[in-house]
Structure formats: C-alpha cells, structure tokens
file final_8.cif (mmCIF, C-alpha atoms (C1' of nucleotides))
data_entry
#
loop_
_atom_site.label_atom_id
_atom_site.label_comp_id
_atom_site.auth_asym_id
_atom_site.auth_seq_id
_atom_site.Cartn_x
_atom_site.Cartn_y
_atom_site.Cartn_z
CA MET A 1 -9.72 -10.63 27.74
CA VAL A 2 -8.47 -8.34 24.99
CA THR A 3 -6.33 -10.24 22.51
CA ASN A 4 -3.56 -8.93 20.28
CA GLU A 5 -5.95 -9.45 17.39
CA ASP A 6 -8.53 -7.21 19.06
CA VAL A 7 -5.93 -4.49 19.44
CA VAL A 8 -4.88 -4.82 15.80
CA ARG A 9 -8.49 -4.55 14.61
CA THR A 10 -9.13 -1.54 16.82
CA LEU A 11 -6.03 0.33 15.67
CA GLU A 12 -6.82 -0.35 12.02
CA ARG A 13 -10.38 0.78 12.50
CA ILE A 14 -9.21 4.02 14.08
CA ALA A 15 -6.85 4.56 11.15
CA ASP A 16 -9.64 4.01 8.61
CA LEU A 17 -12.06 6.36 10.33
CA LEU A 18 -9.43 9.04 10.82
CA GLU A 19 -8.62 8.79 7.15
CA ILE A 20 -12.24 9.41 6.17
CA ARG A 21 -12.27 12.34 8.55
CA GLY A 22 -9.38 13.74 6.52
CA GLU A 23 -6.75 13.55 9.24
CA ASN A 24 -3.07 14.01 8.59
CA VAL A 25 -1.83 11.04 6.57
CA TYR A 26 1.06 10.46 8.94
CA LYS A 27 -1.24 10.26 11.92
CA VAL A 28 -3.25 7.65 10.05
CA ARG A 29 -0.08 5.82 9.16
CA ALA A 30 1.07 5.90 12.78
CA TYR A 31 -2.01 3.91 13.82
CA ARG A 32 -1.48 1.45 10.96
CA GLN A 33 2.18 1.00 11.87
CA ALA A 34 1.30 0.41 15.50
CA ALA A 35 -1.20 -2.23 14.33
CA VAL A 36 1.49 -3.98 12.30
CA GLN A 37 3.80 -4.03 15.30
CA VAL A 38 1.14 -5.73 17.41
CA GLU A 39 0.45 -8.16 14.59
CA ASN A 40 4.10 -9.19 14.53
CA LEU A 41 4.43 -9.29 18.28
CA GLY A 42 5.51 -12.68 19.53
CA GLU A 43 3.90 -12.32 22.95
CA SER A 44 0.69 -11.11 24.53
CA ILE A 45 0.38 -7.34 24.39
CA ALA A 46 -1.15 -7.43 27.84
CA ASP A 47 2.16 -8.85 29.10
CA VAL A 48 4.07 -6.08 27.36
CA ALA A 49 1.79 -3.48 28.95
CA ALA A 50 2.44 -4.99 32.38
CA GLY A 51 6.15 -5.49 31.84
CA GLU A 52 9.28 -3.38 31.97
CA GLY A 53 8.94 -0.15 29.97
CA GLY A 54 5.27 -0.75 29.18
CA LEU A 55 3.67 -0.23 25.80
CA VAL A 56 5.89 2.66 24.73
CA SER A 57 8.76 0.18 24.56
CA LEU A 58 7.11 -1.15 21.39
CA ALA A 59 8.24 0.34 18.09
CA GLY A 60 5.59 2.67 16.73
CA PHE A 61 4.06 3.22 20.16
CA GLY A 62 4.29 6.75 21.53
CA PRO A 63 2.38 8.27 24.42
CA ALA A 64 -0.88 8.78 22.49
CA ILE A 65 -1.34 5.30 21.11
CA ALA A 66 0.06 3.64 24.23
CA GLU A 67 -2.55 5.39 26.34
CA LYS A 68 -5.39 4.35 24.04
CA VAL A 69 -4.30 0.73 23.88
CA SER A 70 -3.84 0.77 27.63
CA ASP A 71 -7.45 1.93 28.05
CA LEU A 72 -8.60 -0.84 25.75
CA LEU A 73 -6.63 -3.50 27.62
CA GLN A 74 -7.93 -2.41 31.00
CA SER A 75 -11.61 -1.87 30.25
CA GLY A 76 -12.17 -3.78 27.03
CA ARG A 77 -13.49 -0.56 25.52
CA LEU A 78 -12.03 2.56 23.98
CA ALA A 79 -13.87 5.84 24.44
CA PHE A 80 -11.79 7.47 21.72
CA LEU A 81 -13.00 4.97 19.15
CA GLU A 82 -16.60 5.28 20.29
CA GLU A 83 -16.47 9.05 19.87
CA LEU A 84 -14.90 8.63 16.47
CA GLU A 85 -17.62 6.18 15.42
CA ALA A 86 -20.25 8.64 16.55
CA GLU A 87 -18.73 11.27 14.31
CA VAL A 88 -17.86 9.19 11.25
CA PRO A 89 -20.45 6.51 10.35
CA PRO A 90 -18.57 3.19 10.43
CA THR A 91 -20.72 1.92 7.54
CA LEU A 92 -18.60 4.19 5.33
CA LEU A 93 -15.82 1.63 5.70
CA ALA A 94 -17.78 -0.73 3.46
CA LEU A 95 -17.76 1.94 0.75
CA CYS A 96 -13.99 2.22 0.99
CA ALA A 97 -13.74 -1.52 0.40
CA LEU A 98 -14.98 -0.98 -3.17
CA PRO A 99 -12.04 -0.84 -5.57
CA GLY A 100 -11.63 2.71 -6.78
CA VAL A 101 -13.50 4.15 -3.80
CA GLY A 102 -11.16 5.43 -1.14
CA PRO A 103 -11.56 7.53 1.97
CA ARG A 104 -11.84 10.80 0.08
CA THR A 105 -14.61 9.55 -2.14
CA ALA A 106 -16.46 7.98 0.80
CA ALA A 107 -16.27 11.30 2.63
CA LEU A 108 -17.47 13.09 -0.50
CA LEU A 109 -20.48 10.78 -0.90
CA TRP A 110 -21.32 11.25 2.75
CA ARG A 111 -20.97 15.03 2.70
CA GLU A 112 -22.56 15.73 -0.69
CA ALA A 113 -25.29 13.09 -0.83
CA GLY A 114 -25.72 11.84 2.71
CA ILE A 115 -24.71 8.36 1.59
CA THR A 116 -23.27 6.16 4.31
CA ARG A 117 -24.28 2.64 3.23
CA LEU A 118 -23.70 0.40 0.24
CA GLU A 119 -27.44 0.08 -0.44
CA GLU A 120 -27.79 3.85 -0.48
CA LEU A 121 -24.88 4.15 -2.88
CA ASP A 122 -26.36 1.50 -5.14
CA ALA A 123 -29.73 3.22 -5.23
CA ALA A 124 -28.21 6.65 -5.79
CA ALA A 125 -25.95 5.41 -8.59
CA HIS A 126 -28.92 3.99 -10.47
CA SER A 127 -31.36 6.83 -9.81
CA GLY A 128 -29.01 9.54 -11.02
CA THR A 129 -28.65 11.20 -7.64
CA LEU A 130 -24.88 11.06 -7.95
CA GLN A 131 -24.78 13.23 -11.03
CA GLY A 132 -23.68 16.74 -10.31
CA ILE A 133 -21.53 15.87 -7.33
CA PRO A 134 -18.18 17.54 -7.91
CA ARG A 135 -15.39 15.11 -8.89
CA LEU A 136 -17.88 12.39 -9.80
CA GLY A 137 -18.29 12.20 -13.57
CA ALA A 138 -20.03 9.60 -15.70
CA LYS A 139 -16.99 7.32 -15.71
CA SER A 140 -16.66 7.38 -11.95
CA ILE A 141 -20.32 6.55 -11.44
CA GLU A 142 -20.06 3.76 -13.97
CA ARG A 143 -17.04 2.39 -12.13
CA ILE A 144 -18.93 2.45 -8.83
CA VAL A 145 -21.83 0.53 -10.35
CA ALA A 146 -19.42 -2.01 -11.81
CA ALA A 147 -17.67 -2.40 -8.47
CA LEU A 148 -20.99 -2.99 -6.69
CA ASP A 149 -22.00 -5.56 -9.30
CA SER A 150 -18.66 -7.29 -9.07
CA GLN A 151 -18.91 -7.43 -5.30
CA ARG A 152 -22.39 -8.95 -5.54
CA ASP A 153 -21.13 -11.58 -7.99
CA ARG A 154 -18.45 -12.88 -5.70
CA GLY A 155 -20.56 -12.63 -2.57
CA ALA A 156 -18.28 -10.10 -0.88
CA LYS A 157 -15.44 -12.61 -0.82
CA THR A 158 -12.33 -10.48 -0.95
CA ARG A 159 -9.50 -12.91 -0.31
CA ARG A 160 -8.88 -16.35 -1.76
CA ALA A 161 -7.32 -19.49 -0.42
CA ARG A 162 -3.89 -20.19 -1.83
CA ALA A 163 -5.09 -23.46 -3.34
CA ASP A 164 -7.71 -21.56 -5.38
CA VAL A 165 -5.13 -19.08 -6.65
CA GLN A 166 -2.51 -21.63 -7.65
CA PRO A 167 -4.24 -22.73 -10.88
CA ILE A 168 -4.81 -19.10 -11.88
CA VAL A 169 -1.10 -18.42 -11.40
CA ASP A 170 -0.10 -21.49 -13.39
CA GLU A 171 -2.41 -20.62 -16.23
CA LEU A 172 -1.57 -16.92 -16.51
CA THR A 173 2.18 -17.26 -16.10
CA GLY A 174 2.10 -20.10 -18.61
CA VAL A 175 0.38 -18.00 -21.21
CA LEU A 176 2.65 -15.03 -20.59
CA ARG A 177 5.79 -17.17 -20.80
CA ALA A 178 4.64 -18.29 -24.21
CA LEU A 179 4.82 -14.71 -25.46
CA PRO A 180 8.00 -14.16 -27.46
CA GLU A 181 8.25 -10.64 -25.99
CA ALA A 182 8.35 -11.91 -22.40
CA ALA A 183 11.92 -12.63 -21.25
CA MET A 184 10.98 -13.52 -17.66
CA VAL A 185 7.66 -14.06 -15.92
CA GLU A 186 7.13 -14.58 -12.19
CA ALA A 187 4.29 -14.23 -9.72
CA ALA A 188 5.11 -11.91 -6.82
CA GLY A 189 3.05 -10.52 -3.94
CA SER A 190 1.65 -12.51 -1.06
CA PHE A 191 1.35 -15.55 -3.32
CA ARG A 192 5.12 -15.67 -3.66
CA ARG A 193 5.47 -15.18 0.08
CA ARG A 194 3.43 -18.39 0.31
CA ARG A 195 0.66 -16.84 2.35
CA GLU A 196 -2.45 -18.95 2.76
CA SER A 197 -4.81 -16.06 2.10
CA ILE A 198 -4.31 -14.07 -1.10
CA GLY A 199 -5.91 -10.68 -1.74
CA ASP A 200 -4.76 -10.21 -5.30
CA LEU A 201 -2.09 -11.47 -7.63
CA ASP A 202 0.97 -9.61 -8.93
CA ILE A 203 2.78 -10.86 -11.99
CA VAL A 204 6.06 -9.28 -13.05
CA VAL A 205 7.21 -9.60 -16.65
CA ALA A 206 10.62 -8.59 -17.97
CA THR A 207 10.34 -7.34 -21.52
CA ALA A 208 11.72 -4.84 -23.99
CA THR A 209 8.24 -4.09 -25.30
CA PRO A 210 5.98 -3.45 -22.29
CA SER A 211 2.93 -2.28 -24.19
CA LYS A 212 2.81 -5.43 -26.30
CA VAL A 213 2.90 -7.64 -23.24
CA LEU A 214 0.29 -5.59 -21.39
CA VAL A 215 -2.08 -5.46 -24.33
CA ALA A 216 -1.75 -9.22 -24.76
CA PHE A 217 -2.32 -9.73 -21.04
CA SER A 218 -5.42 -7.54 -21.00
CA ALA A 219 -6.83 -9.41 -23.98
CA LEU A 220 -6.51 -12.90 -22.48
CA PRO A 221 -9.73 -14.93 -22.58
CA GLN A 222 -9.54 -15.43 -18.80
CA VAL A 223 -9.90 -11.68 -18.31
CA GLU A 224 -13.44 -10.66 -17.45
CA ARG A 225 -12.81 -6.97 -16.90
CA VAL A 226 -9.94 -4.59 -17.54
CA LEU A 227 -9.61 -2.16 -14.64
CA MET A 228 -6.77 -0.27 -16.24
CA CYS A 229 -4.07 -0.73 -18.81
CA GLY A 230 -1.17 1.67 -19.16
CA ASP A 231 2.38 1.61 -20.46
CA THR A 232 3.89 -0.18 -17.48
CA LYS A 233 1.07 -1.93 -15.69
CA SER A 234 -2.31 -3.47 -16.26
CA SER A 235 -4.97 -4.49 -13.74
CA VAL A 236 -7.71 -6.93 -14.61
CA GLU A 237 -10.30 -9.11 -12.98
CA VAL A 238 -10.43 -12.81 -13.80
CA ALA A 239 -12.91 -15.44 -12.62
CA SER A 240 -15.48 -13.99 -10.22
CA GLY A 241 -13.72 -10.77 -9.52
CA PHE A 242 -10.22 -11.86 -8.53
CA GLN A 243 -7.81 -9.05 -9.34
CA VAL A 244 -4.56 -9.68 -11.15
CA ASP A 245 -1.95 -6.99 -11.78
CA CYS A 246 0.70 -7.33 -14.44
CA ARG A 247 3.84 -5.17 -14.32
CA ALA A 248 6.08 -4.86 -17.31
CA VAL A 249 9.67 -3.91 -16.55
CA SER A 250 13.03 -4.04 -18.27
CA VAL A 251 15.32 -7.02 -17.75
CA ALA A 252 17.67 -4.75 -15.78
CA GLN A 253 14.85 -3.87 -13.37
CA PHE A 254 13.40 -7.34 -12.96
CA GLY A 255 15.05 -8.20 -9.64
CA ALA A 256 14.16 -4.88 -8.06
CA ALA A 257 10.59 -5.19 -9.29
CA MET A 258 10.29 -8.74 -7.94
CA GLN A 259 11.66 -7.61 -4.59
CA TYR A 260 9.38 -4.60 -4.45
CA PHE A 261 6.18 -6.34 -5.50
CA THR A 262 6.82 -9.40 -3.34
CA GLY A 263 6.77 -7.27 -0.21
CA SER A 264 5.59 -7.47 2.43
CA GLN A 265 4.97 -3.81 2.81
CA ALA A 266 6.49 -3.86 6.30
CA HIS A 267 9.55 -5.70 4.98
CA ASN A 268 9.96 -3.13 2.22
CA VAL A 269 9.61 -0.20 4.59
CA ARG A 270 12.37 -1.62 6.76
CA LEU A 271 14.60 -2.31 3.76
CA ARG A 272 14.05 1.24 2.54
CA GLY A 273 15.05 2.59 5.91
CA ARG A 274 18.19 0.49 5.89
CA ALA A 275 18.99 1.72 2.37
CA LEU A 276 18.66 5.36 3.46
CA ARG A 277 21.05 4.85 6.36
CA MET A 278 23.55 3.41 3.89
CA GLY A 279 23.23 6.46 1.65
CA LEU A 280 21.14 4.50 -0.83
CA THR A 281 17.57 4.53 -2.01
CA LEU A 282 15.50 1.50 -2.96
CA ASN A 283 12.50 1.34 -5.25
CA GLU A 284 10.96 -0.94 -7.87
CA TYR A 285 13.57 0.15 -10.40
CA GLY A 286 16.68 -0.64 -8.45
CA VAL A 287 19.09 0.44 -5.74
CA PHE A 288 20.56 3.92 -6.29
CA ARG A 289 23.15 6.09 -4.60
CA LEU A 290 21.57 9.08 -2.89
CA ASP A 291 24.39 11.32 -4.13
CA GLY A 292 24.45 11.30 -7.88
CA GLY A 293 21.74 8.72 -8.30
CA GLU A 294 24.01 6.09 -9.76
CA ARG A 295 22.28 2.72 -10.03
CA ILE A 296 24.11 -0.10 -8.28
CA ALA A 297 21.65 -3.02 -8.43
CA GLY A 298 18.36 -4.16 -9.89
CA ALA A 299 18.69 -7.06 -12.32
CA THR A 300 18.31 -9.79 -9.72
CA GLU A 301 16.97 -9.97 -6.18
CA GLU A 302 20.32 -11.28 -4.99
CA ASP A 303 21.94 -8.08 -6.30
CA VAL A 304 19.40 -5.93 -4.55
CA TYR A 305 19.84 -7.60 -1.18
CA ALA A 306 23.61 -7.73 -1.63
CA ALA A 307 23.73 -4.00 -2.36
CA LEU A 308 22.07 -3.51 1.01
CA GLY A 309 24.62 -5.74 2.72
CA LEU A 310 22.20 -8.64 3.05
CA ARG A 311 21.93 -12.22 2.03
CA TRP A 312 18.95 -13.06 -0.18
CA ILE A 313 15.90 -13.59 2.01
CA PRO A 314 13.37 -16.29 1.08
CA PRO A 315 10.02 -14.70 0.22
CA GLU A 316 8.11 -16.55 2.94
CA GLN A 317 10.30 -14.86 5.56
CA ARG A 318 9.72 -11.31 4.35
CA GLU A 319 7.29 -10.20 7.02
CA ASP A 320 9.44 -7.87 9.13
CA ARG A 321 9.89 -10.32 11.94
CA GLY A 322 13.62 -9.89 12.33
CA GLU A 323 14.61 -11.54 9.05
CA ILE A 324 16.55 -8.50 7.86
CA GLU A 325 18.75 -8.35 10.94
CA ALA A 326 19.36 -12.07 10.55
CA ALA A 327 20.42 -11.63 6.92
CA VAL A 328 23.09 -8.98 7.56
CA ILE A 329 26.40 -9.92 6.03
CA ASP A 330 28.52 -8.89 8.94
CA ASP A 331 32.02 -8.62 7.56
CA VAL A 332 32.92 -6.66 10.65
CA ALA A 333 32.60 -9.90 12.58
CA LEU A 334 35.60 -11.21 10.71
CA ALA A 335 37.70 -8.50 12.32
CA GLY A 336 36.94 -9.78 15.80
CA ALA A 337 34.27 -9.60 18.45
CA ALA A 338 35.74 -6.55 20.21
CA VAL A 339 35.29 -4.39 17.13
CA GLN A 340 31.66 -5.37 16.78
CA THR A 341 30.69 -3.78 20.05
CA VAL A 342 32.27 -0.47 19.08
CA LEU A 343 31.18 0.05 15.52
CA PRO A 344 27.58 1.13 15.00
CA ARG A 345 25.74 -1.40 12.91
CA ILE A 346 23.79 -0.08 9.99
"C1'" DA B 1 11.49 22.04 19.31
"C1'" DT B 2 11.35 20.64 14.65
"C1'" DG B 3 11.33 18.21 10.22
"C1'" DA B 4 10.75 13.67 7.95
"C1'" DC B 5 7.73 10.18 7.30
"C1'" DA B 6 8.40 7.13 -0.62
"C1'" DG B 7 6.89 8.36 -4.39
"C1'" DC B 8 5.06 7.03 -8.79
"C1'" DG B 9 1.66 5.16 -12.58
"C1'" DC B 10 -2.82 5.47 -13.87
"C1'" DA B 11 -7.67 7.25 -14.57
"C1'" DT B 12 -10.58 10.90 -14.29
"C1'" DA B 13 -12.30 15.48 -13.62
"C1'" DA B 14 -11.41 20.23 -13.65
"C1'" DC B 15 -9.18 23.92 -15.66
"C1'" DG B 16 -7.65 27.23 -19.22
"C1'" DC C 1 -8.17 20.76 -27.38
"C1'" DG C 2 -3.88 20.06 -24.01
"C1'" DT C 3 -2.55 20.68 -19.24
"C1'" DT C 4 -3.02 20.31 -14.33
"C1'" DA C 5 -4.95 18.55 -9.96
"C1'" DT C 6 -6.79 14.90 -7.32
"C1'" DG C 7 -7.65 10.33 -5.65
"C1'" DC C 8 -6.35 5.73 -5.59
"C1'" DG C 9 -3.44 1.83 -5.02
"C1'" DC C 10 0.68 -0.12 -4.34
"C1'" DG D 1 1.30 10.33 15.75
"C1'" DT D 2 6.15 8.73 16.17
"C1'" DC D 3 10.94 9.02 15.60
"C1'" DA D 4 15.46 11.03 15.03
"C1'" DT D 5 17.90 15.02 15.44
#
call {"tool": "encode", "arguments": {"input": "final_8.cif", "output": "structure tokens"}}
result
Amino acid sequence: MVTNEDVVRTLERIADLLEIRGENVYKVRAYRQAAVQVENLGESIADVAAGEGGLVSLAGFGPAIAEKVSDLLQSGRLAFLEELEAEVPPTLLALCALPGVGPRTAALLWREAGITRLEELDAAAHSGTLQGIPRLGAKSIERIVAALDSQRDRGAKTRRARADVQPIVDELTGVLRALPEAAMVEAAGSFRRRRESIGDLDIVVATATPSKVLVAFSALPQVERVLMCGDTKSSVEVASGFQVDCRAVSVAQFGAAMQYFTGSQAHNVRLRGRALRMGLTLNEYGVFRLDGGERIAGATEEDVYAALGLRWIPPEQREDRGEIEAAVIDDVALAGAAVQTVLPRI
DNA sequence: ATGACAGCGCATAACG
DNA sequence: CGTTATGCGC
DNA sequence: GTCAT
C-alpha cells in the first residue's frame, strides 16, 4: 500500500536529486509542486488515480509525473528514482541539509573531491583537502566546519516542537519591543501559522532605523552565532542551533512583510498568481500596479488582502487548501446569481 | 508550438 | 582596490 | 515539467 505520504517523499526526493544533477530549475520545481498538491490532497491518491480523469486531473500533474506516480502506486517501486539514485549518490542529500550548502555545492564537492558523505566532508574540511577547490575559499570551508559542529551539537534535530519555540519567541520579541527604535514587532513564519513543528523563526520589525535594530538583535546575549547581518535582515542561531531571522522593514511595509514571511509558500504562490491576474504584483514590500508600479497596499495585512479582493485570512488557514477562494469578496454576487455564472471570476 | 514559471538580500569568490 | 558572478535561502 | 496561450 503506497500512501500519499510515500508519494510526497518520493517526489521530493526526485526533486532534490535532479537539483544536484543540475536539472532545469523549473523541472525541479514541477516535482516539488506536485508533491505539495499530494500533501494537500484530501483523499487517497490511489483513489484519484483510479477515478475519473486519473492523476492528470490533479493540479501540477502532467503526463510525465502522472506516469511516474502511477508506476509507484501500482508496483510500490519507481524505476526512474532507482536510476536517479544510481547516478547521484543519495547521501549527498545530507550535505544539502547543512545550512549554506546547497545542491550546487554538494555537486561541486562530489565532482571535485569525490565527497558524498558527511563524514568525508568533515575529514576533508579538517585535513585541508578542500583547499584549492574552485569557489571554496577559507570562509566557505570555515562555514562548513561550523555547520557540521552545529549539527553535531543539536544531534541532527532540525525542527522544534511549538512548545519549545514559544519561550524563545516571547523572550526575543519582548527584548525587541523594548527597543525605542522598534515600532512594531511580530513573529511570522510557521510559528504564526500555529504549526506544531517549527523549522526556524521569522521576526518582523517595523522601524525607521533598520541597522540599529539588526545590530542590537545580533548582539543579544541569547545569540550563539551570527550567520549573517545586513541592512535589512539578520540571521542568527540561538540555543542549540535554532535559527532565528529578523527582518527590518518600514512601517509602511510592515503588513506586506508580515503577509509574505508568514507564508505558507504555497499560499503566497497562489496569492501572487491571483495578483498577476488582477494586474497587480505582490511582494514583501507591498501590492503594486503592474502598469506604472504604483503602490496600493502594504501597511497592514488587511490592506494587502483587501487590495487582492480578499478578506483577511487567519494565519493558521494559509496553507493553500482553498482558503483563498473562500475569502473572495464577491461583490458580483450582490448583482444577482445569474451574473455570477457569466462573469469570469478572478 | 512556445514562453512563463518571482525576484531579491546577503556572503563569498572571482575578476579586472 | 572596486565590481561582477554565483550560490543560497526565502 | 506543467500550464496558459
């Protein structure tokens, strides 16, 4: 019995391996998007495969992916994935899990130094074997060593339970709110969406003096390591390697930034698509007209959703499970049911 | 058939 | 040295 | 690789 979860894992694995192989980014994305669709599917994918229209009736499923998933459902195996794993060592995926090491770097380490495993990378980083590899300077090697150390410290635990993150949120937002430069401070990301499992924490701060806030944030006693600190954002690690990002934005951008960094990614992609069809564009700075670029929203989340013809959507619903359609402010409906069926809905 | 699919901030290495 | 290219992460 | 055109 192949579950939806099995299919999701398989599609994501294919995407990761294709990425290391250097495949077209949109092909990689297609597999990831198909995985998200299965994740959000309210029924068994086996039923969909057997039902009217088959797998290609799912959004993000074309002939190629439908065929592969069909193979998997029928036989419990996928020859395509097995061939891919024979070509690209799957142990490279563990390298990509290191912050700062992505698919390109994993491929580089594999190609230039024959490294496919974490232990090999660790040994090579300390023995000096990595020196001389193009694109890997002293700083990069140092960062890899630090990432390996950090991973060892926290025992490879990558995500935290919400209950463990709550006190970190309270503490950090409390300290930031005490800064006179910080006009508004809110946690965003999956924490704000009230997910049970949190990968990292995003804090958005509205301020007229971003650098002051970010420098103060990076210097907090809770911070064990500063990953980066620029003019608009800072990334740090607090207790045992938990990553916290701080974004400094203007008061006028605060709502757009909160919306953007609260996600989910799938929710944002769908909102962006809706914006485009309305002749608008949406990003972390606001909602803008495509022609002329005039800004029409951004100070509050309500403004942002309203500019897209939507009611404000509670963060915990922002998972691309139909919440956007449900939030449409349908003023056409006021004109009568007959009109609704004629006018294309945006 | 063919083009779009988001795009930007940051760090680092390579380049001139 | 300043500028540009690349990879990463979101 | 998928979707809209």
call {"tool": "residues_around", "arguments": {"input": "final_8.cif", "residues": "Tyr305 (chain A)", "least_positions_apart": "4", "cutoff": "12 Å", "atoms": "all atoms listed in the file", "output": "list of chain:residue names"}}
result
A:Gly255, A:Ala256, A:Met258, A:Gln259, A:Tyr260, A:Asn268, A:Leu271, A:Arg272, A:Arg274, A:Ala275, A:Leu282, A:Gly286, A:Val287, A:Ile296, A:Ala297, A:Gly298, A:Ala299, A:Thr300, A:Glu301, A:Gly309, A:Leu310, A:Arg311, A:Trp312, A:Ile313, A:Pro314, A:Ile324, A:Ala327, A:Val328, A:Ile329
call {"tool": "resolve_selection", "arguments": {"input": "final_8.cif", "expression": "the PyMOL selection byres ((chain C and resi 6) around 12)", "output": "list in words"}}
result
Arg104, Thr105, Pro134, Arg135 and Leu136 of chain A; DA11, DT12, DA13 and DA14 of chain B; DT4, DA5, DG7 and DC8 of chain C
call {"tool": "resolve_selection", "arguments": {"input": "final_8.cif", "expression": "the PyMOL selection byres ((chain D and resi 4) around 10)", "output": "list in words"}}
result
DG3 and DA4 of chain B; DT2, DC3 and DT5 of chain D
call {"tool": "atom_distance", "arguments": {"input": "final_8.cif", "atom1": "CA of Ala219 (chain A)", "atom2": "CA of Asp170 (chain A)"}}
result
17.4 Å
call {"tool": "atom_distance", "arguments": {"input": "final_8.cif", "atom1": "CA of Gln37 (chain A)", "atom2": "CA of Asn4 (chain A)"}}
result
10.1 Å
call {"tool": "closest_residue", "arguments": {"input": "final_8.cif", "among": "A:Pro63, A:Gly263, A:Gly230, A:Gly114", "to": "chain D", "atoms": "all atoms listed in the file"}}
result
A:Pro63
call {"tool": "build_atoms", "arguments": {"input": "final_8.cif", "residues": "region 246-260 of chain A", "atoms": "N, CA, C and O atoms", "output": "tab-separated table (two decimals), keeping the file's coordinate frame"}}
result
chain	number	residue	atom	x	y	z
A	246	CYS	N	-0.48	-6.95	-13.67
A	246	CYS	CA	0.70	-7.33	-14.44
A	246	CYS	C	1.60	-6.11	-14.59
A	246	CYS	O	1.14	-5.05	-15.00
A	247	ARG	N	2.87	-6.28	-14.20
A	247	ARG	CA	3.84	-5.17	-14.32
A	247	ARG	C	4.86	-5.54	-15.36
A	247	ARG	O	5.47	-6.61	-15.29
A	248	ALA	N	5.07	-4.64	-16.29
A	248	ALA	CA	6.08	-4.86	-17.31
A	248	ALA	C	7.29	-3.99	-17.00
A	248	ALA	O	7.16	-2.78	-16.87
A	249	VAL	N	8.44	-4.63	-16.87
A	249	VAL	CA	9.67	-3.91	-16.55
A	249	VAL	C	10.78	-4.37	-17.49
A	249	VAL	O	10.64	-5.39	-18.17
A	250	SER	N	11.88	-3.63	-17.48
A	250	SER	CA	13.03	-4.04	-18.27
A	250	SER	C	13.74	-5.19	-17.57
A	250	SER	O	13.56	-5.40	-16.37
A	251	VAL	N	14.55	-5.91	-18.33
A	251	VAL	CA	15.32	-7.02	-17.75
A	251	VAL	C	16.21	-6.52	-16.61
A	251	VAL	O	16.36	-7.17	-15.58
A	252	ALA	N	16.76	-5.31	-16.79
A	252	ALA	CA	17.67	-4.75	-15.78
A	252	ALA	C	16.94	-4.40	-14.49
A	252	ALA	O	17.57	-4.27	-13.44
A	253	GLN	N	15.62	-4.25	-14.56
A	253	GLN	CA	14.85	-3.87	-13.37
A	253	GLN	C	14.14	-5.07	-12.73
A	253	GLN	O	13.49	-4.92	-11.69
A	254	PHE	N	14.25	-6.22	-13.35
A	254	PHE	CA	13.40	-7.34	-12.96
A	254	PHE	C	13.57	-7.74	-11.49
A	254	PHE	O	12.59	-7.96	-10.77
A	255	GLY	N	14.81	-7.80	-11.03
A	255	GLY	CA	15.05	-8.20	-9.64
A	255	GLY	C	14.47	-7.20	-8.65
A	255	GLY	O	13.85	-7.58	-7.66
A	256	ALA	N	14.69	-5.92	-8.94
A	256	ALA	CA	14.16	-4.88	-8.06
A	256	ALA	C	12.64	-4.91	-8.05
A	256	ALA	O	12.01	-4.76	-7.00
A	257	ALA	N	12.05	-5.13	-9.21
A	257	ALA	CA	10.59	-5.19	-9.29
A	257	ALA	C	10.06	-6.40	-8.53
A	257	ALA	O	9.07	-6.30	-7.80
A	258	MET	N	10.71	-7.55	-8.68
A	258	MET	CA	10.29	-8.74	-7.94
A	258	MET	C	10.38	-8.49	-6.44
A	258	MET	O	9.49	-8.85	-5.68
A	259	GLN	N	11.50	-7.90	-6.02
A	259	GLN	CA	11.66	-7.61	-4.59
A	259	GLN	C	10.55	-6.68	-4.11
A	259	GLN	O	9.87	-6.96	-3.12
A	260	TYR	N	10.34	-5.63	-4.85
A	260	TYR	CA	9.38	-4.60	-4.45
A	260	TYR	C	7.96	-5.15	-4.39
A	260	TYR	O	7.23	-4.94	-3.42
